[in-house]
Every structure is written in C-alpha cells, then in structure tokens.
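A short worksheet on the structure shown next.
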Number of protein chains: 4
Amino acid sequence: MSLNTFGHLFRVTTWGESHGPALGATVDGCPPGIMIDEEMIQLWLDKRKPGTSKYTTQRREPDQVRILSGVFEGQTTGTPVQLMIENTDHRSKDYGDIAEKFRPGHADITYWQKYGIRDYRGGGRSSARETAARVAAGGLARAALQTLAPGIEIQGYMTQMGPHGITGERDVSQIEQNPFWVPSAETAQTWADYLESLRKSGNSVGAIIEVVARNVPPGLGAPVYGKLDTDLAAAMMSINAVKGVEIGEGMAAAMLTGEDNADEIFMGNDGRPVYSSNHAGGILGGISTGQDVVVRFAVKPTSSILKPRQTITKSGQAAEIITKGRHDPCVGIRAVPVGEAMMACVLLDHLLLHRGQIGQNRGKIG
Amino acid sequence: MSLNTFGHLFRVTTWGESHGPALGATVDGCPPGIMIDEEMIQLWLDKRKPGTSKYTTQRREPDQVRILSGVFEGQTTGTPVQLMIENTDHRSKDYGDIAEKFRPGHADITYWQKYGIRDYRGGGRSSARETAARVAAGGLARAALQTLAPGIEIQGYMTQMGPHGITGERDVSQIEQNPFWVPSAETAQTWADYLESLRKSGNSVGAIIEVVARNVPPGLGAPVYGKLDTDLAAAMMSINAVKGVEIGEGMAAAMLTGEDNADEIFMGNDGRPVYSSNHAGGILGGISTGQDVVVRFAVKPTSSILKPRQTITKSGQAAEIITKGRHDPCVGIRAVPVGEAMMACVLLDHLLLHRGQIGQNRGKIG
Amino acid sequence: MSLNTFGHLFRVTTWGESHGPALGATVDGCPPGIMIDEEMIQLWLDKRKPGTSKYTTQRREPDQVRILSGVFEGQTTGTPVQLMIENTDHRSKDYGDIAEKFRPGHADITYWQKYGIRDYRGGGRSSARETAARVAAGGLARAALQTLAPGIEIQGYMTQMGPHGITGERDVSQIEQNPFWVPSAETAQTWADYLESLRKSGNSVGAIIEVVARNVPPGLGAPVYGKLDTDLAAAMMSINAVKGVEIGEGMAAAMLTGEDNADEIFMGNDGRPVYSSNHAGGILGGISTGQDVVVRFAVKPTSSILKPRQTITKSGQAAEIITKGRHDPCVGIRAVPVGEAMMACVLLDHLLLHRGQIGQNRGKIG
Amino acid sequence: MSLNTFGHLFRVTTWGESHGPALGATVDGCPPGIMIDEEMIQLWLDKRKPGTSKYTTQRREPDQVRILSGVFEGQTTGTPVQLMIENTDHRSKDYGDIAEKFRPGHADITYWQKYGIRDYRGGGRSSARETAARVAAGGLARAALQTLAPGIEIQGYMTQMGPHGITGERDVSQIEQNPFWVPSAETAQTWADYLESLRKSGNSVGAIIEVVARNVPPGLGAPVYGKLDTDLAAAMMSINAVKGVEIGEGMAAAMLTGEDNADEIFMGNDGRPVYSSNHAGGILGGISTGQDVVVRFAVKPTSSILKPRQTITKSGQAAEIITKGRHDPCVGIRAVPVGEAMMACVLLDHLLLHRGQIGQNRGKIG
C-alpha cells in the first residue's frame with residue numbers, strides 16, 4: 001500500500017475528487033481472460049449509489065462506469081483497466097461555507113495544514129465519493145475471483161447502528177430486503193425509526209459493518225507483514241471514517257482464555273480439516289484456514305451535520321459551523337458495498353500473490 | 001507493506017526463526033547523521049526480553065543486538081542498517097511434539113498447508129520471537145525521531161487483561177513500576193493475582209494494549225491508502241496474535257452521534273488549534289492533527305497451553321495436544337514494547353514521506 | 001518500477017491501448033502547489049504528435065489532454081492527477097491482417113504467447129502510442145521541477161539515424177529547426193534525403209537519441225539499487241523499441257584506461273567543484289555530481305514495414321507479411337520528446353526521494 | 001527497485017560496507033521447497049572471490065557465506081533467507097588518505113555531498129565488495145530456477161578489454177580456462193599481456209561483459225514498465241562502474257533497417273517457433289521469446305589507480321591523488337559472475353511474477 005494505490009499484484013489506484021469532472025480506478029495486474037463488461041461492474045455501483053433511499057445523501061448521481069482500457073472483446077487482456085465515473089450532479093454552491101471554516105471531525109483542517117490547498121467542494125479527495133472507485137475495482141476483482149477461485153462468496157451487512165445492535169435471530173435472507181443490509185427484519189424497523197428521528201434533528205450516527213467471505217481456499221496470506229489480516233486491516237481502515245477493524249473475535253479476544261479461544265481441529269468427511277469454532281475469523285498466522293474470513297469495522301458518524309459546532313476559520317477566527325448540503329445521516333450504510341469491494345480486492349490480490357510465490361498449496365494433510 | 005517488509009521510505013525487513021542461528025532487521029532508508037549505538041537499541045530490547053518476570057516465557061535469551069552495517073563512527077550513514085540478534089537458548093527437545101500435531105489457534109496448520117514445510121521448532125517464523133527484530137528497528141526509529149522531530153514521546157501500556165480492565169484513576173507514573181505496564185498500582189495487583197492462578201492452571205489469556213504518541217506534528221499521513229491510521233492498523237495487525245485495532249474512539253465510534261463525536265476546534269494561546277476532545281485519536285482524513293495519536297490493539301491468548309485440546313496430526317489423525325515448553329501466559333505483556341516500536345517506525349516513515357512529498361506543512365492557520 | 005507504474009514517490013501509471021476509447025497517465029505523488037493547466041502539458045504533446053511531418057505516421061490525432069483530477073484553481077493539490085487523451089482516429093480496418101500473423105521483431109507473438117489474448121488493433125498496448133501518456137506525465141514533471149529546482153533544463157536530440165551520425169559542428173540552436181531534432185542543419189538535410197528514400201522503399205531505420213539535463217543539483221540518486229543511472233536506464237529501456245542505454249561515456253567506457261576516464265576535480269570560482277571532463281555523464285556512484293546528466297539510447301527500426309518478411313500465423317502456418325497501415329519510417333524521431341519526458345519524471349522522483357531521505361545535501365565542500 | 005532492494009517478488013536487499021563487520025543479502029520471496037545449502041552458494045562466491053589471480057585485487061577474503069534463516073533441513077521454507085559474509089581482511093590503514101581527498105571518477109565526492117558522512121574505508125558502501133552479496137543471492141536464485149524452470153543455463157564472459165575485442169572464433173569451452181572468462185584462448189593471451197603491462201604502470205582499464213541465458217521459457221516479462229529488458233537494464237546498470245547496457249543488437253540497432261533487423265519466424269519441428277536470427281536478444285515487447293536472452297554491459301576502468309590525478313579535498317583545497325591499496329586493474333573481470341547473478345535473480349523474479357499474474361502461458365501456437 002502506498003499513497004493512492006493498494007495491493008501487491010492486483011494494484012488499484014483511485015483518483016478523482018467529489019466535484020471534479022470524473023473519478024475512477026486504474027487497475028493494474030488484473031489477470032487476462034476474465035469476462036467483464038460495464039454492466040457487471042455497474043451492478044455493484046448501483047448498490048452503493050447515493051440517493052437510493054431517504055437514509056442516504058440526496059445527491060443524484062447515475063454513477064455510470066466506463067471501461068476505457070484493458071478489455072478487448074469482452075475479456076481482460078492483462079493490461080491496465082481504467083474504470084471512469086463522470087461526476088454529473090455537483091452543485092458547488094452548497095459548499096461555499098466550508099471553504100473557510102473547518103468542520104470538526106473532518107479532514108478539512110488536516111488537508112489544509114498539510115497541503116496548503118484543498119478542493120473543498122464536497123470534501124474533494126476526502127469525500128466518501130472516492131469509494132465509488134473502490135466499488136468499481138471490486139466489481140472487477142469479483143469477476144476475476146469467480147474465474148480463478150469459483151465458490152468464493154462475499155457478503156457485507158450492518159450489525160450495529162448507534163446504540164442499536166441486531167435483535168433476535170440473524171436471517172441472511174433479509175440482508176437485501178432493507179436499506180440497511182441488516183440480517184433482521186425486526187432490526188431494520190427499529191433502525192429506520194431511529195435514523196428517521198436522527199435525520200430530522202440534523203444529526204448523524206456511526207455503524208459497524210461485518211463482511212464475510214465464504215469458501216476462501218486455505219493458504220492465502222504472506223507472513224509476516226503481508227498477512228491476509230494485515231492487508232484486510234489496512235484496506236478497511238483506509239475507508240473514510242473507519243476507526244476500528246476486527247478479525248474474527250476482534251477486540252473481544254482480549255477477554256478470552258487460551259482454552260476458550262482455541263478453535264479445535266477435526267478431520268471432516270471430505271478429508272479436509274474442520275473446526276469447532278471460528279474465533280480466528282478464518283486466519284491463523286496471517287494465512288487463511290479455509291474457514292469463513294470474518295472482518296468487522298466501525299464507521300464514525302459523518303461530521304457534516306446541521307447541529308451547530310464550534311470551530312475556527314482558516315484565518316484563525318472562532319466560528320460556529322452548521323453543514324447544510326446533502327449528507328448521509330449514517331454513512332455506514334453505504335460503507336457496506338465498499339467493505340465488500342475491499343474484501344474482494346484483497347482476496348484476489350493474495351490469490352495472485354500465493355500463486356506467484358508458491359504455485360499452489362504444498363502441504364497435504366492426511 | 002509487502003511480505004516481510006514494512007514502511008514506505010523507512011523500510012524494515014525482519015528475518016529469522018525462533019530456533020535458527022540468528023534473527024534480525026534489515027533497515028533501509030534510515031536518514032544519515034543519526035547518533036546510534038548498540039546500547040541505545042539494547043535498552044528497548046531489554047524491555048521486551050523474555051524471562052524478566054514469572055509472567056513471561058522462561059526462555060533465557062540475552063537478546064544482544066549487533067549493528068553490522070550502516071553506522072560509522074557512531075552515526076548512521078544513510079546505507080542499510082543490519083541489526084542482528086543471535087539465538088542462544090534454543091532447546092529444540094521441548095518442541096518435538098508439535099512437529100506432527102497442529103496447535104489449535106496457532107499458525108502450525110496454515111504454514112503447513114501453504115508451504116509444505118515449516119520450521120516447527122519454537123514456532124519458527126511465526127514465533128513471537130520475530131518481534132525482537134521489530135523492537136530493535138524501533139530503537140533506531142526512536143533515535144531518528146529524536147533528531148528529526150524532537151519532542152515526540154511514545155508510550156505503551158496495557159488497559160485490559162482478560163476480564164479485568166483498569167480500576168480507579170490512571171497514573172502514568174506507575175507504568176514502569178509493574179510487570180504489566182499498567183498505569184495503576186491497584187490494577188497491577190489484581191492482574192498479578194489473576195495471572196498467577198491462570199499460569200498455574202496451564203491456561204493463558206488475552207490483553208489490550210494502548211500506545212500513545214505525544215507531540216506528533218500535524219500533517220503526517222498520505223491519503224487515501226497510505227493514511228497514517230491505515231499504516232498503523234497494518235503495523236499493529238501484523239504483530240503476532242493481534243485480532244483488532246482501534247484508532248481513538250475505535251469500535252465505540254459506532255455508538256456515537258455526529259454531535260457527540262465532533263472534536264470541536266479552538267485557537268490556542270500559542271496560535272495553534274486546540275481541540276475540545278480527541279475522539280479522532282489524533283488523525284483526521286488519514287493525517288495527524290497534532291493531538292495525541294492513540295492506537296489500541298487486542299492480543300488473543302497464546303495457543304500454546306497445558307490444557308488439553310482436540311486437534312489432528314499431519315497425517316490427518318485425531319489427537320489431543322498439550323503444549324509444554326516455555327510460554328507466556330499473557331503474551332500481551334511483551335506486546336507493549338512491540339506496539340511502541342511499530343508506532344515509532346510508522347511515525348518516522350510518515351515523517352520522511354511527508355518531507356519528500358510536501359517538504360514541510362504548507363497551510364498556515366491564522 | 002512495477003508493471004505499468006514507474007517511480008518511487010512521483011509514480012506514473014500509464015494505461016490505454018492504441019485503438020481503445022482513450023489512454024492516459026495516472027500520476028500519484030505530485031507535490032501540491034504546482035501551477036499547471038492543460039495548455040502547459042499540451043505543449044509537449046504537440047511536439048510528439050503524429051502526423052506533423054512526412055517522416056512520422058500519418059495517423060491524425062489531436063492528442064488533446066484533459067486533466068480530470070488533482071488540480072484545483074490552477075494548482076496541484078497533492079492528490080492523484082489523471083491525464084486523459086482520447087483516441088479519435090483509429091481506423092481499425094487497417095490492421096485486420098495482423099490479427100492472425102505475427103510481425104517479426106514485434107511484440108505480437110510474445111503478447112499472444114503470454115496472455116492468450118491481445119488487442120491487435122494498432123499494436124494495442126504495445127503501440128508507441130502509449131508514449132503519449134508518458135509525455136503528458138513528463139509535462140507535469142517539468143512544471144514541478146520548474147518550481148522545486150528552477151534552472152534544470154532538459155533537452156533531447158538525435159545523434160544517429162541508421163548509418164548516419166552528425167557531421168560537422170553541433171549547433172544546439174538547430175535542434176528545433178528540423179523534423180529530426182538534430183543539432184546540425186547540414187546533417188538534417190542528409191537525413192531527410194536518406195529517410196525519404198527509405199520511406200519510399202517501404203523500409204524503416206533505427207536511431208540514437210541523447211537527452212541532456214543541465215543544472216541538476218548534486219546529490220540526487222539512491223545507491224545501490226535506486227541509483228539515478230539505474231532508474232534512468234530502466235526508464236529509457238522501457239520505451240518501445242529501445243535496445244541499449246548509455247550514461248556519459250557509455251559502452252565506450254570499456255575502451256578507456258582509468259587515467260583517461262578520470263574526470264579531474266577542481267574548485268570553481270563560485271566555491272563549487274568543477275570537472276575537467278564528463279566521462280561520468282554527471283553521475284558517480286549512482287548520485288548526481290552537478291555536471292550535465294547525459295543519457296543516450298538506441299531505438300531499433302520499426303518492425304511494421306512494407307518489405308515482405310517470413311513469419312507464421314497463430315495456427316502455426318508459414319506466411320509472408322507486409323504491414324501496410326501508417327507507420328513511422330524512423331520511430332526514433334518521436335522518441336525524442338519521450339526520452340525528455342522520462343528524464344523529467346526520473347529527476348523529479350529523485351528530487352522528492354532525496355528530500356524525503358536526506359532533507360537537503362549534508363556535506364559541504366570547502 | 002528501490003534503494004537497496006531489487007526485484008518484485010524475489011526481493012533482494014543487500015547490506016554492508018567494505019570494511020564493516022559483515023555484509024550480506026536479505027532475500028525475501030524465495031519459494032519454499034528449494035534444496036539449498038551453503039556449499040551451493042559458496043561455489044559462485046568462489047568464482048568472484050578476490051585474490052584468485054594476479055589480475056584481481058590482492059585483498060584476501062575467504063568470502064565464506066552463512067545461511068542464517070529461511071532454510072530448514074536443507075530446504076527453503078518460504079521465509080526470508082539471510083545470507084551473511086563476514087569481512088576478515090580489512091586493513092584500514094591502506095585507506096587513510098582517501099578520507100580527505102576525493103578520487104576522480106569515484107563516488108567519494110557524491111556520497112560526501114549527499115550524506116555528509118561516509119564510511120571511506122575501502123569505499124564503504126560504494127565498494128565493489130557489495131557485489132559479493134549479489135552473487136550469494138544469485139546462487140540461491142539459480143537453485144530455485146533449477147527446480148522451477150529446469151534447463152535454464154546462464155553464462156557470462158568478457159568480450160572486450162580496453163581496445164582489445166575477441167580475435168578469432170569464439171570457443172565457449174575456453175571460458176572457464178582463463179582468468180578473464182573470455183571464450184578464446186588466443187584472446188586470453190593477448191589480454192594477459194596487455195593487462196600485465198597496464199597493472200605494472202599503475203593504470204586500469206574498462207571491459208564489456210556479455211551474459212547469455214539459454215532455454216528461457218517464452219512469456220516472461222511484464223509490460224510496460226516491468227519489462228524483462230527494463231529490469232535487466234536496471235539490474236546491470238546498478239552494478240558498480242557500469243555505464244552502458246545493451247539487449248541483443250544493442251546500440252547497433254540504430255544502424256539497422258527494419259528489413260535487416262527483423263528476426264523472421266518459422267515453425268520448428270517440435271511445434272515451437274524458431275527464428276532466423278536474434279537481433280532482439282530474446283525479448284520482444286518486454287517479454288521473452290524463448291530465444292537466448294542476451295545482455296551486454298560496459299564497465300568503466302576503476303578510478304583507484306597509481307597514476308597521479310588532480311582533485312580537491314573536503315576542505316576545498318587542490319590536491320594530487322594516487323590511490324595505493326589493493327585494486328583491480330580490470331574490475332570488469334570480477335563483474336562476470338555478478339552479471340550472471342543479476343540475470344539469475346531477474347529471471348527468477350519474472351518467473352514468479354508471471355506465475356502470479358498469468359498462472360501459465362495462455363496462448364498456444366499451432
């Protein structure tokens with residue numbers, strides 16, 4: 001990972017600002033022969049697209065992706081794939097105020113201090129809009145995974161909104177049925193009520209997203225600094241507003257004893273190891289075990305709120321700030337497809353890395 | 001970060017196995033003219049050294065570091081610094097059993113599956129012994145920080161051991177006074193009792209470590225994938241047994257509203273911004289604000305325990321495993337200086353990166 | 001350097017195929033505050049543009065660059081700069097024949113063998129058209145150099161076309177006066193006659209290009225694998241059709257004795273070292289001396305010629321091939337601005353790297 | 001390539017100074033399961049070892065390599081391999097004079113200007129002694145190639161010493177029979193006489209080395225900036241004293257027409273393409289063709305000579321310099337095994353990269 005690029009072999013460089021002409025992802029290292037077209041990528045972008053429910057920003061963007069290179073006759077060629085999304089609905093007038101005032105909890109002040117110049121329109125580069133490019137790259141990564149490691153399924157959902165966790169049994173069939181991607185119809189209703197009142201009061205709230213990858217082959221990950229969990233932690237922490245990342249048991253692992261934390265191992269009927277539990281989140285020593293890979297991350301509440309907050313201006317004057325514009329009351333909602341995209345990119349990257357380093361798994365069991 | 005190297009410009013490659021002849025860190029990119037000698041690095045290694053109290057592994061290692069290159073007449077020259085630590089106390093007989101059986105919760109099985117060969121003696125490359133090399137590199141990074149950004153202080157301590165958090169007021173003066181680096185004399189006693197009983201029963205337990213960096217200049221960090229928090233998350237997650245990483249408010253940020261999470265900004269008497277709180281953990285948009293940088297990480301309990309657990313052998317047979325040898329009942333204790341070392345390396349790396357990209361901060365306030 | 005990216009801190013990723021919708025350069029790591037607009041970049045693209053004389057391909061491309069990101073109110077912001085050039089004149093019908101047959105001396109066969117798919121239209125990714133993206137990135141690099149190291153001048157010119165070197169005295173004022181960028185009016189005429197007859201016979205020819213950078217500060221370069229000459233060699237060798245790279249005396253250094261090759265050192269009147277000669281080409285130990293940095297590279301003749309050559313088809317059948325289409329009889333001509341662009345990118349990259357690693361030169365003389 | 005590391009997946013970081021305690025190579029990314037021991041590596045080091053004939057430096061170094069990590073029971077484990085060579089014969093007294101004076105044509109002055117500190121003893125980091133570490137790493141790369149791509153043969157030899165090329169027919173069986181690795185007994189005698197007189201006069205001379213790799217599979221190389229020839233150019237140019245690099249026809253490609261330069265293609269009896277010639281040096285579009293990969297590089301004469309030269313001191317005073325000590329009259333001789341080592345490392349690296357990106361060649365012919 002360096003500056004605006006992530007990945008070792010499947011390298012994604014995102015570019016673009018919220019209110020510039022376009023943004024996108026330059027993807028280098030995608031294997032050749034992957035079937036892909038704009039529709040396959042659009043599918044995932046539509047999931048993240050703003051303005052789909054009243055709980056997300058009302059900015060209207062078609063977020064239409066164009067493939068400008070690297071694909072020929074419906075297949076990748078092994079050369080860089082340029083994925084571009086043009087910005088269409090950028091009403092710059094909404095943002096005039098933040099040219100001078102720094103929003104508390106926002107990158108306004110640090111960009112200014114570091115660079116001495118910032119495209120303040122819509123947050124510029126620090127806008128969550130950057131994540132559209134990640135979702136596009138993730139769509140390509142998913143297509144490649146489908147070819148190279150068929151069976152891998154990646155699914156994200158929310159598990160916490162502000163004070164509210166999931167109540168009752170989890171039901172994955174509900175995930176696509178509500179605007180929060182929460183696996184519980186009952187919880188979706190609670191959250192809807194809560195968020196509606198929050199939105200009306202001009203406030204915002206944080207969230208926790210969990211992303212699971214199923215049928216990941218064992219052996220992915222490169223100790224000791226290119227571990228699968230290291231790269232997942234970096235990938236998720238790089239998403240706007242993320243403040244914490246957990247693998248498997250996560251922070252709660254601190255509370256467990258070694259006896260309780262041990263995922264005991266047995267031989268399955270198919271001649272492959274099975275585990276009594278998955279505290280490890282599918283990763284041991286930085287390498288995938290073959291169990292579900294489980295990652296969670298916390299998204300802080302957006303700092304662009306109608307509630308007045310104290311701040312300062314560029315010239316150092318005290319000021320009160322109220323951010324109008326069109327903002328997400330719970331930006332975590334749109335982080336779900338972003339987390340999925342990052343998971344897809346990291347898994348593909350490690351699949352290629354593993355193939356390069358090792359060829360294929362070398363140790364047989366039994 | 002890639003494979004066994006981390007860092008963009010201050011690049012640390014660690015090498016070596018638990019029971020090989022030696023291990024160490026090859027450090028490339030250390031600026032020239034930094035005053036350094038073996039004693040300055042030894043200081044930090046001694047802090048991490050095994051066998052210093054009954055709560056850590058009884059393996060006796062002097063962990064004596066040698067500087068083999070890159071230093072001339074007491075100063076770095078700008079060429080690679082090789083830091084080598086010879087292994088002396090490696091009783092291979094202790095580990096014979098684990099050549100065949102996989103410890104649940106340990107990298108034994110994944111290394112085997114991936115590589116088809118593993119140096120099982122003492123965990124080989126996956127041993128926490130690798131972290132000695134990190135601490136040595138961290139010692140060099142601290143010396144460089146002292147020259148290039150005087151005033152930065154890095155301090156780690158434990159905040160949780162199994163079910164026990166810190167009770168009462170925090171008192172940083174206590175950190176160096178107890179074997180747990182916990183800022184509370186009262187808590188240290190509680191933990192001592194708890195850990196003693198755990199150790200006797202052959203069990204182990206997890207922990208949470210917090211590392212704080214004070215007087216970090218604003219402007220460090222490179223959005224959007226080389227963010228300061230991204231690199232800290234990767235650095236901490238790459239430490240053995242870590243399952244979660246938090247910046248500032250961490251996972252709890254999900255529970256907050258935007259109103260509560262906003263760190264309001266004021267002008268300080270010295271003409272620099274001050275903040276009403278530090279939910280952000282000193283980082284906004286991936287760039288340091290000038291507030292304390294606060295990172296926490298959770299270490300799972302070591303999987304090498306005397307409690308019998310079910311597992312399988314390389315040939316796929318069911319087996320029970322008890323790990324004798326000399327293990328840490330709470331490996332989190334020795335993770336404290338490791339977390340500090342990673343913080344030092346990441347901060348120095350971003351200081352150099354900032355200097356390269358930007359020169360110096362460009363935006364003035366006031 | 002890796003795959004489609006080059007540079008350590010000023011990282012240029014080029015993307016796009018000869019006959020796709022567009023091509024461009026994603027530039028990451030450009031410092032903030034550099035004055036830039038599309039016209040400043042267009043200037044250099046126009047120099048490389050096809051169809052400007054009868055000696056270059058008659059393909060008509062406006063090669064109009066658009067800046068899609070990273071620039072705000074006329075200045076770079078420190079975020080990625082996307083430079084896009086749309087392809088307009090791509091007559092695919094010209095290239096139908098080469099879908100099946102491999103041109104001898106061309107990448108057709110190796111791309112096919114490696115990838116199993118290739119965008120054969122106009123050479124796809126292996127087309128010299130890719131170098132337009134380099135020239136665009138080079139334009140940005142020049143603007144940054146102008147701010148960060150004013151005084152650096154980069155000039156490329158041809159010194160050899162087929163059997164013809166430069167006759168008579170070199171006169172740099174002539175470089176911009178002829179279509180070959182050769183510093184000699186007399187030579188320009190000889191070459192014009194030679195190339196005209198070659199073009200008529202449907203043949204092509206190779207060339208040598210020299211690029212000089214003046215007023216380069218001493219101290220740039222990072223031994224031992226990030227040397228300034230190492231990176232220049234890689235940069236030039238990565239240009240299409242280049243088969244050799246020389247620094248200073250180049251291959252002829254083999255003929256010299258140590259006595260003759262020594263550039264003797266004296267103190268100049270301005271308190272800076274001066275040298276009796278420049279066999280070193282301005283680089284010692286991989287680090288710039290402050291003398292002119294001198295690089296030469298040889299470009300082979302284009303393999304797309306009207307002369308019939310023996311080859312095979314994808315199905316392994318023997319075949320004769322004649323390449324019609326619109327090709328450069330001496331592709332070296334258009335390599336001049338490309339070589340300049342690579343020089344600009346490498347120098348800027350090392351300037352930033354030096355600043356990051358060292359801050360500023362540390363050793364004074366006198 | 002960055003600073004002291006080269007390679008994408010097979011990453012070699014060399015460290016150490018001429019007169020420090022030790023030097024070596026930290027090799028990350030070597031695949032597991034490669035049979036290796038110290039003797040296999042020693043074989044190549046002995047070839048490069050100083051003091052083997054009167055034509056190389058009389059410094060006596062056993063250059064005994066030790067493997068400190070990454071190898072278990074005679075096989076690589078996939079973890080970093082540390083190769084260390086201790087310095088034993090470092091008579092610092094020989095070098096006192098160069099602490100103050102800069103040798104013309106040597107890195108003395110640039111290291112000083114850049115870093116403000118340099119280990120002047122024996123040239124420190126800029127000494128050709130660094131190449132011992134490359135040869136050690138190359139020995140490991142050769143072992144890996146033997147397993148992963150059996151049949152590849154790498155052979156280096158000298159083709160030019162000062163004014164003398166090879167006279168008469170080339171006879172590869174002679175390469176190991178003379179101290180110059182020249183494929184001609186007659187030439188060896190001429191060179192011996194020439195070099196002896198040069199050595200006596202205290203002078204030195206340059207050389208050209210050619211390295212050929214046979215039986216390289218087609219498909220290695222990653223356009224457009226990770227081309228096989230790009231990485232070979234960088235690898236060779238990074239060797240001390242190298243001033244030019246050529247692939248196949250090299251600089252002479254400039255003299256050829258497209259008709260002459262075309263390596264015509266035919267189907268061989270074994271169903272694989274064969275070529276009428278090899279102007280391309282086995283590489284088209286940055287990807288190997290399956291023909292011999294042919295690289296040449298020029299080494300300038302060493303600047304440490306007994307002939308007096310004009311220079312300046314650190315304090316800016318004019319001075320005359322004569323370098324005593326023990327130097328190679330033709331440092332190109334010992335560059336032969338170094339060139340071979342770099343070829344081995346680059347080929348292995350691209351083999352792994354190809355495997356990661358592509359899996360295996362995808363396009364069949366016939």
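Within each chain, counting starts at residue 1; across the structure tokens, chains are named A, B, ... in the order shown, with ligands numbered 1 upward in that order.
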
Name the residues in contact with range 160-165 of chain A at a cut-off of 6 Å, using only C-alpha atoms, excluding same-chain residues fewer than 3 positions from it; report them as a PyMOL selection string.
-> (chain A and resi 205-208) or (chain B and resi 254-256)

Mind dumping the selected residues with N, CA, C and O atoms as a CSV table (one decimal), in the first residue's frame?
chain,number,residue,atom,x,y,z
A,205,VAL,N,-25.0,9.4,12.8
A,205,VAL,CA,-24.7,8.3,13.8
A,205,VAL,C,-23.7,7.3,13.1
A,205,VAL,O,-23.6,7.2,11.9
A,206,GLY,N,-22.9,6.6,14.0
A,206,GLY,CA,-22.0,5.6,13.5
A,206,GLY,C,-22.6,4.3,13.3
A,206,GLY,O,-23.8,4.1,13.5
A,207,ALA,N,-21.7,3.3,12.8
A,207,ALA,CA,-22.2,2.0,12.5
A,207,ALA,C,-21.1,1.0,12.5
A,207,ALA,O,-19.9,1.3,12.4
A,208,ILE,N,-21.5,-0.3,12.6
A,208,ILE,CA,-20.5,-1.4,12.5
A,208,ILE,C,-21.0,-2.2,11.3
A,208,ILE,O,-22.1,-2.6,11.2
B,254,ALA,N,-19.0,3.7,16.6
B,254,ALA,CA,-20.3,3.3,16.0
B,254,ALA,C,-21.4,3.8,16.9
B,254,ALA,O,-22.5,4.0,16.4
B,255,MET,N,-21.2,3.9,18.2
B,255,MET,CA,-22.3,4.2,19.1
B,255,MET,C,-22.6,5.7,19.2
B,255,MET,O,-23.6,6.1,19.7
B,256,LEU,N,-21.7,6.5,18.6
B,256,LEU,CA,-21.8,8.0,18.9
B,256,LEU,C,-22.6,8.6,17.8
B,256,LEU,O,-22.7,8.2,16.6

For Glu210 in chain D, list every protein, DNA or RNA residue within 7 Å, evaluated using only C-alpha atoms, and leave out those in the same chain fewer than 3 positions away; present the list as a PyMOL selection string.
-> chain D and resi 156-159+295-297

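With only C-alpha atoms as the atoms that count, the minimum distance from Gln189 in chain D to the choices D:Met251, D:Val65, D:Leu284, D:Ile166 is reached by D:Ile166.
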
Write out as an MDAnalysis selection string every residue belonging to chain C that has an atom at most 8 Å from any atom of chain A, counting only C-alpha atoms.
-> chainID C and resid 3:4 14:17 20:23 26 28:29 32:33 68:70 72 77:82 115:119 125

Grab the CA of Asn87 in chain C to CA of Leu83 in chain A distance for me, in Å with one decimal place.
-> 16.2 Å
